[in-house]
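Dumped start13.pdb below, it's PDB, C-alpha atoms:
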ATOM      1  CA  MET K1357      55.418-155.306-129.432  1.00  0.00           C
ATOM      2  CA  THR K1358      56.472-157.312-132.409  1.00  0.00           C
ATOM      3  CA  LYS K1359      59.692-159.277-132.595  1.00  0.00           C
ATOM      4  CA  LYS K1360      61.209-156.702-134.974  1.00  0.00           C
ATOM      5  CA  GLU K1361      60.366-153.849-132.605  1.00  0.00           C
ATOM      6  CA  LEU K1362      61.969-155.696-129.691  1.00  0.00           C
ATOM      7  CA  GLU K1363      65.070-156.408-131.773  1.00  0.00           C
ATOM      8  CA  ALA K1364      65.273-152.741-132.798  1.00  0.00           C
ATOM      9  CA  ARG K1365      64.959-151.574-129.178  1.00  0.00           C
ATOM     10  CA  ASN K1366      67.602-154.068-128.112  1.00  0.00           C
ATOM     11  CA  GLU K1367      69.953-152.875-130.849  1.00  0.00           C
ATOM     12  CA  VAL K1368      69.510-149.238-129.790  1.00  0.00           C
ATOM     13  CA  LYS K1369      70.250-150.155-126.167  1.00  0.00           C
ATOM     14  CA  TRP K1370      73.431-152.008-127.185  1.00  0.00           C
ATOM     15  CA  GLU K1371      74.565-149.075-129.324  1.00  0.00           C
ATOM     16  CA  THR K1372      73.978-146.683-126.421  1.00  0.00           C
ATOM     17  CA  TYR K1373      75.887-148.967-124.062  1.00  0.00           C
ATOM     18  CA  THR K1374      78.784-149.310-126.516  1.00  0.00           C
ATOM     19  CA  LYS K1375      79.039-145.544-126.986  1.00  0.00           C
ATOM     20  CA  LYS K1376      79.067-144.982-123.222  1.00  0.00           C
ATOM     21  CA  ILE K1377      81.854-147.540-122.798  1.00  0.00           C
ATOM     22  CA  GLN K1378      83.859-145.922-125.598  1.00  0.00           C
ATOM     23  CA  ILE K1379      83.473-142.485-124.012  1.00  0.00           C
ATOM     24  CA  GLU K1380      84.544-143.834-120.622  1.00  0.00           C
ATOM     25  CA  ALA K1381      87.545-145.543-122.230  1.00  0.00           C
ATOM     26  CA  ARG K1382      88.549-142.293-123.929  1.00  0.00           C
ATOM     27  CA  VAL K1383      88.237-140.368-120.666  1.00  0.00           C
ATOM     28  CA  LEU K1384      90.226-143.018-118.791  1.00  0.00           C
ATOM     29  CA  GLY K1385      93.025-142.879-121.363  1.00  0.00           C
ATOM     30  CA  ASP K1386      93.053-139.082-121.276  1.00  0.00           C
ATOM     31  CA  LEU K1387      93.151-138.965-117.477  1.00  0.00           C
ATOM     32  CA  SER K1388      95.938-141.515-117.385  1.00  0.00           C
ATOM     33  CA  MET K1389      98.186-139.880-119.947  1.00  0.00           C
ATOM     34  CA  ASN K1390      97.509-136.217-119.133  1.00  0.00           C
ATOM     35  CA  HIS K1391      97.017-136.255-115.373  1.00  0.00           C
ATOM     36  CA  ILE K1392      98.006-139.452-113.558  1.00  0.00           C
ATOM     37  CA  ILE K1393     101.345-140.102-115.286  1.00  0.00           C
ATOM     38  CA  PRO K1394     102.560-136.469-115.097  1.00  0.00           C
ATOM     39  CA  VAL K1395     101.754-136.299-111.376  1.00  0.00           C
ATOM     40  CA  ALA K1396     103.434-139.659-110.756  1.00  0.00           C
ATOM     41  CA  THR K1397     106.595-138.644-112.627  1.00  0.00           C
ATOM     42  CA  SER K1398     106.653-135.324-110.800  1.00  0.00           C
ATOM     43  CA  TYR K1399     106.524-137.175-107.482  1.00  0.00           C
ATOM     44  CA  GLN K1400     109.220-139.535-108.766  1.00  0.00           C
ATOM     45  CA  SER K1401     111.441-136.541-109.591  1.00  0.00           C
ATOM     46  CA  SER K1402     110.872-135.162-106.109  1.00  0.00           C
ATOM     47  CA  LEU K1403     111.933-138.489-104.616  1.00  0.00           C
ATOM     48  CA  LEU K1404     115.049-138.535-106.809  1.00  0.00           C
ATOM     49  CA  LYS K1405     116.051-135.071-105.590  1.00  0.00           C
ATOM     50  CA  ASN K1406     115.534-136.227-102.028  1.00  0.00           C
ATOM     51  CA  VAL K1407     117.755-139.272-102.620  1.00  0.00           C
ATOM     52  CA  GLU K1408     120.476-137.068-104.130  1.00  0.00           C
ATOM     53  CA  ARG K1409     120.360-134.682-101.175  1.00  0.00           C
ATOM     54  CA  MET K1410     120.387-137.493 -98.610  1.00  0.00           C
ATOM     55  CA  THR K1411     123.349-139.090-100.377  1.00  0.00           C
ATOM     56  CA  ALA K1412     125.223-135.785-100.261  1.00  0.00           C
ATOM     57  CA  ALA K1413     124.341-135.115 -96.621  1.00  0.00           C
ATOM     58  CA  PHE K1414     125.106-138.493 -95.019  1.00  0.00           C
ATOM     59  CA  PRO K1415     127.844-141.111 -95.163  1.00  0.00           C
ATOM     60  CA  ALA K1416     127.302-143.803 -97.825  1.00  0.00           C
ATOM     61  CA  GLU K1417     126.004-146.552 -95.507  1.00  0.00           C
ATOM     62  CA  LYS K1418     123.583-144.290 -93.654  1.00  0.00           C
ATOM     63  CA  ALA K1419     122.396-142.679 -96.910  1.00  0.00           C
ATOM     64  CA  ALA K1420     121.753-146.126 -98.415  1.00  0.00           C
ATOM     65  CA  ALA K1421     119.633-147.104 -95.413  1.00  0.00           C
ATOM     66  CA  LEU K1422     117.742-143.820 -95.410  1.00  0.00           C
ATOM     67  CA  ASN K1423     117.166-143.907 -99.180  1.00  0.00           C
ATOM     68  CA  ALA K1424     116.012-147.532 -99.405  1.00  0.00           C
ATOM     69  CA  ARG K1425     112.294-146.727 -99.199  1.00  0.00           C
ATOM     70  CA  ASN K1426     112.514-143.843-101.670  1.00  0.00           C
ATOM     71  CA  LEU K1427     114.504-145.921-104.155  1.00  0.00           C
ATOM     72  CA  LYS K1428     111.900-148.661-103.940  1.00  0.00           C
ATOM     73  CA  LEU K1429     109.138-146.111-104.597  1.00  0.00           C
ATOM     74  CA  ILE K1430     111.043-144.609-107.530  1.00  0.00           C
ATOM     75  CA  GLU K1431     111.354-148.030-109.150  1.00  0.00           C
ATOM     76  CA  GLU K1432     107.718-148.901-108.471  1.00  0.00           C
ATOM     77  CA  ILE K1433     106.499-145.619-109.979  1.00  0.00           C
ATOM     78  CA  ALA K1434     108.587-146.266-113.096  1.00  0.00           C
ATOM     79  CA  GLN K1435     107.127-149.764-113.485  1.00  0.00           C
ATOM     80  CA  ARG K1436     103.553-148.665-112.888  1.00  0.00           C
ATOM     81  CA  THR K1437     103.683-145.680-115.240  1.00  0.00           C
ATOM     82  CA  ALA K1438     105.140-147.920-117.955  1.00  0.00           C
ATOM     83  CA  THR K1439     102.297-150.389-117.394  1.00  0.00           C
ATOM     84  CA  ILE K1440      99.707-147.616-117.556  1.00  0.00           C
ATOM     85  CA  GLU K1441     101.162-146.338-120.841  1.00  0.00           C
ATOM     86  CA  THR K1442     101.115-149.853-122.316  1.00  0.00           C
ATOM     87  CA  LYS K1443      97.525-150.474-121.223  1.00  0.00           C
ATOM     88  CA  VAL K1444      96.355-147.112-122.587  1.00  0.00           C
ATOM     89  CA  GLU K1445      97.970-147.958-125.948  1.00  0.00           C
ATOM     90  CA  GLU K1446      96.145-151.319-125.921  1.00  0.00           C
ATOM     91  CA  LEU K1447      92.900-149.538-125.065  1.00  0.00           C
ATOM     92  CA  VAL K1448      93.336-147.102-127.959  1.00  0.00           C
ATOM     93  CA  SER K1449      94.054-149.991-130.349  1.00  0.00           C
ATOM     94  CA  ALA K1450      90.946-151.850-129.175  1.00  0.00           C
ATOM     95  CA  ARG K1451      88.846-148.714-129.629  1.00  0.00           C
ATOM     96  CA  LYS K1452      90.150-148.308-133.196  1.00  0.00           C
ATOM     97  CA  VAL K1453      89.098-151.865-134.013  1.00  0.00           C
ATOM     98  CA  THR K1454      85.683-151.283-132.445  1.00  0.00           C
ATOM     99  CA  ASN K1455      85.260-148.059-134.418  1.00  0.00           C
ATOM    100  CA  LYS K1456      86.030-149.868-137.673  1.00  0.00           C
ATOM    101  CA  ILE K1457      83.515-152.593-136.864  1.00  0.00           C
ATOM    102  CA  ALA K1458      80.885-149.981-136.014  1.00  0.00           C
ATOM    103  CA  TYR K1459      81.631-148.080-139.244  1.00  0.00           C
ATOM    104  CA  PHE K1460      81.193-151.169-141.406  1.00  0.00           C
ATOM    105  CA  ALA K1461      78.012-152.160-139.545  1.00  0.00           C
ATOM    106  CA  CYS K1462      76.628-148.675-140.187  1.00  0.00           C
ATOM    107  CA  GLN K1463      77.525-148.904-143.878  1.00  0.00           C
ATOM    108  CA  GLN K1464      75.806-152.286-144.094  1.00  0.00           C
ATOM    109  CA  GLN K1465      72.643-150.821-142.537  1.00  0.00           C
ATOM    110  CA  LYS K1466      72.689-147.944-145.048  1.00  0.00           C
ATOM    111  CA  ILE K1467      72.956-150.409-147.929  1.00  0.00           C
ATOM    112  CA  MET K1468      70.075-152.459-146.546  1.00  0.00           C
ATOM    113  CA  LEU K1469      67.909-149.347-146.118  1.00  0.00           C
ATOM    114  CA  PHE K1470      68.767-148.215-149.649  1.00  0.00           C
ATOM    115  CA  ALA K1471      67.820-151.634-150.998  1.00  0.00           C
ATOM    116  CA  LEU K1472      64.509-151.547-149.075  1.00  0.00           C
ATOM    117  CA  CYS K1473      63.640-148.207-150.659  1.00  0.00           C
ATOM    118  CA  PHE K1474      63.744-149.768-154.116  1.00  0.00           C
ATOM    119  CA  GLU K1475      61.924-153.014-153.304  1.00  0.00           C
ATOM    120  CA  LYS K1476      58.508-153.458-154.818  1.00  0.00           C
TER     121      LYS K1476
END

Could I get this file's structure written as structure tokens?
Amino acid sequence: MTKKELEARNEVKWETYTKKIQIEARVLGDLSMNHIIPVATSYQSSLLKNVERMTAAFPAEKAAALNARNLKLIEEIAQRTATIETKVEELVSARKVTNKIAYFACQQQKIMLFALCFEK
């Protein structure tokens, strides 16, 4: 194979790899926002109801002791879901930048091919 053929094959492999990564990133963002976070917040709501019921059923000191673990989990879920949302937003922003770069690279290739068609 010539050097140009090897470069072309390498470019195709990198494009394929990049597209796979972008698809995986999209799927990860979708799973996070549409499945993981809703389930986590649902569980958090369940814990909150449990805390309310325990507080109503027991004296204040005993309820505080019994609710300590659930309150810790509620706070942790809130922190983690906020982090997931932030990271998904960062991922989407990075994908937008990558898409713009890919678009301009594609346009540049079209211009080069057009110019080659008219070379003598």

ask   = Applied to this file, what does the PyMOL selection byres ((chain K and resi 1453-1459) around 12) return in terms of residues, put as a ChimeraX atom specification?
value = /K:1370-1371,1374-1375,1377-1379,1381,1446-1452,1460-1466

query = To one decimal place, how far is atom CA of K:Val1407 from atom CA of K:Thr1442 in Å?
reply = 27.9 Å

ask   = Which residues, written as a PyMOL selection string, have at least one atom at most 9 Å from stretch 1416-1427 of chain K, with all atoms listed in the file counted and residues fewer than 5 positions away on the same chain left out?
value = chain K and resi 1400+1403-1404+1406-1407+1410-1411+1432

What does the file look like for those residues with C-alpha atoms, as a PDB file, keeping the file's coordinate frame?
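Dumped everything to again-v4.pdb:
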ATOM      1  CA  GLN K1400     109.220-139.535-108.766  1.00  0.00           C
ATOM      2  CA  LEU K1403     111.933-138.489-104.616  1.00  0.00           C
ATOM      3  CA  LEU K1404     115.049-138.535-106.809  1.00  0.00           C
ATOM      4  CA  ASN K1406     115.534-136.227-102.028  1.00  0.00           C
ATOM      5  CA  VAL K1407     117.755-139.272-102.620  1.00  0.00           C
ATOM      6  CA  MET K1410     120.387-137.493 -98.610  1.00  0.00           C
ATOM      7  CA  THR K1411     123.349-139.090-100.377  1.00  0.00           C
ATOM      8  CA  GLU K1432     107.718-148.901-108.471  1.00  0.00           C
TER       9      GLU K1432
END

request  = Go ahead and compute the interatomic distance for atom CA of K:Arg1382 and atom CA of K:Ile1440, in Å to one decimal.
outcome  =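 Atom CA of K:Ile1440 lies 13.9 Å from atom CA of K:Arg1382.
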
query = How many Å lie between atom CA of K:Asn1390 and atom CA of K:Ser1402, rounded to one decimal?
reply =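 Between atom CA of K:Asn1390 and atom CA of K:Ser1402 the gap works out to 18.7 Å.
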
task = Considering only C-alpha atoms, return as a ChimeraX atom specification whatever protein or nucleic-acid residues lie within 12 Å of K:Leu1387, sequence-local ones (same chain, fewer than 6 positions apart) excluded.
result = /K:1380-1381,1393-1395,1440-1441,1444
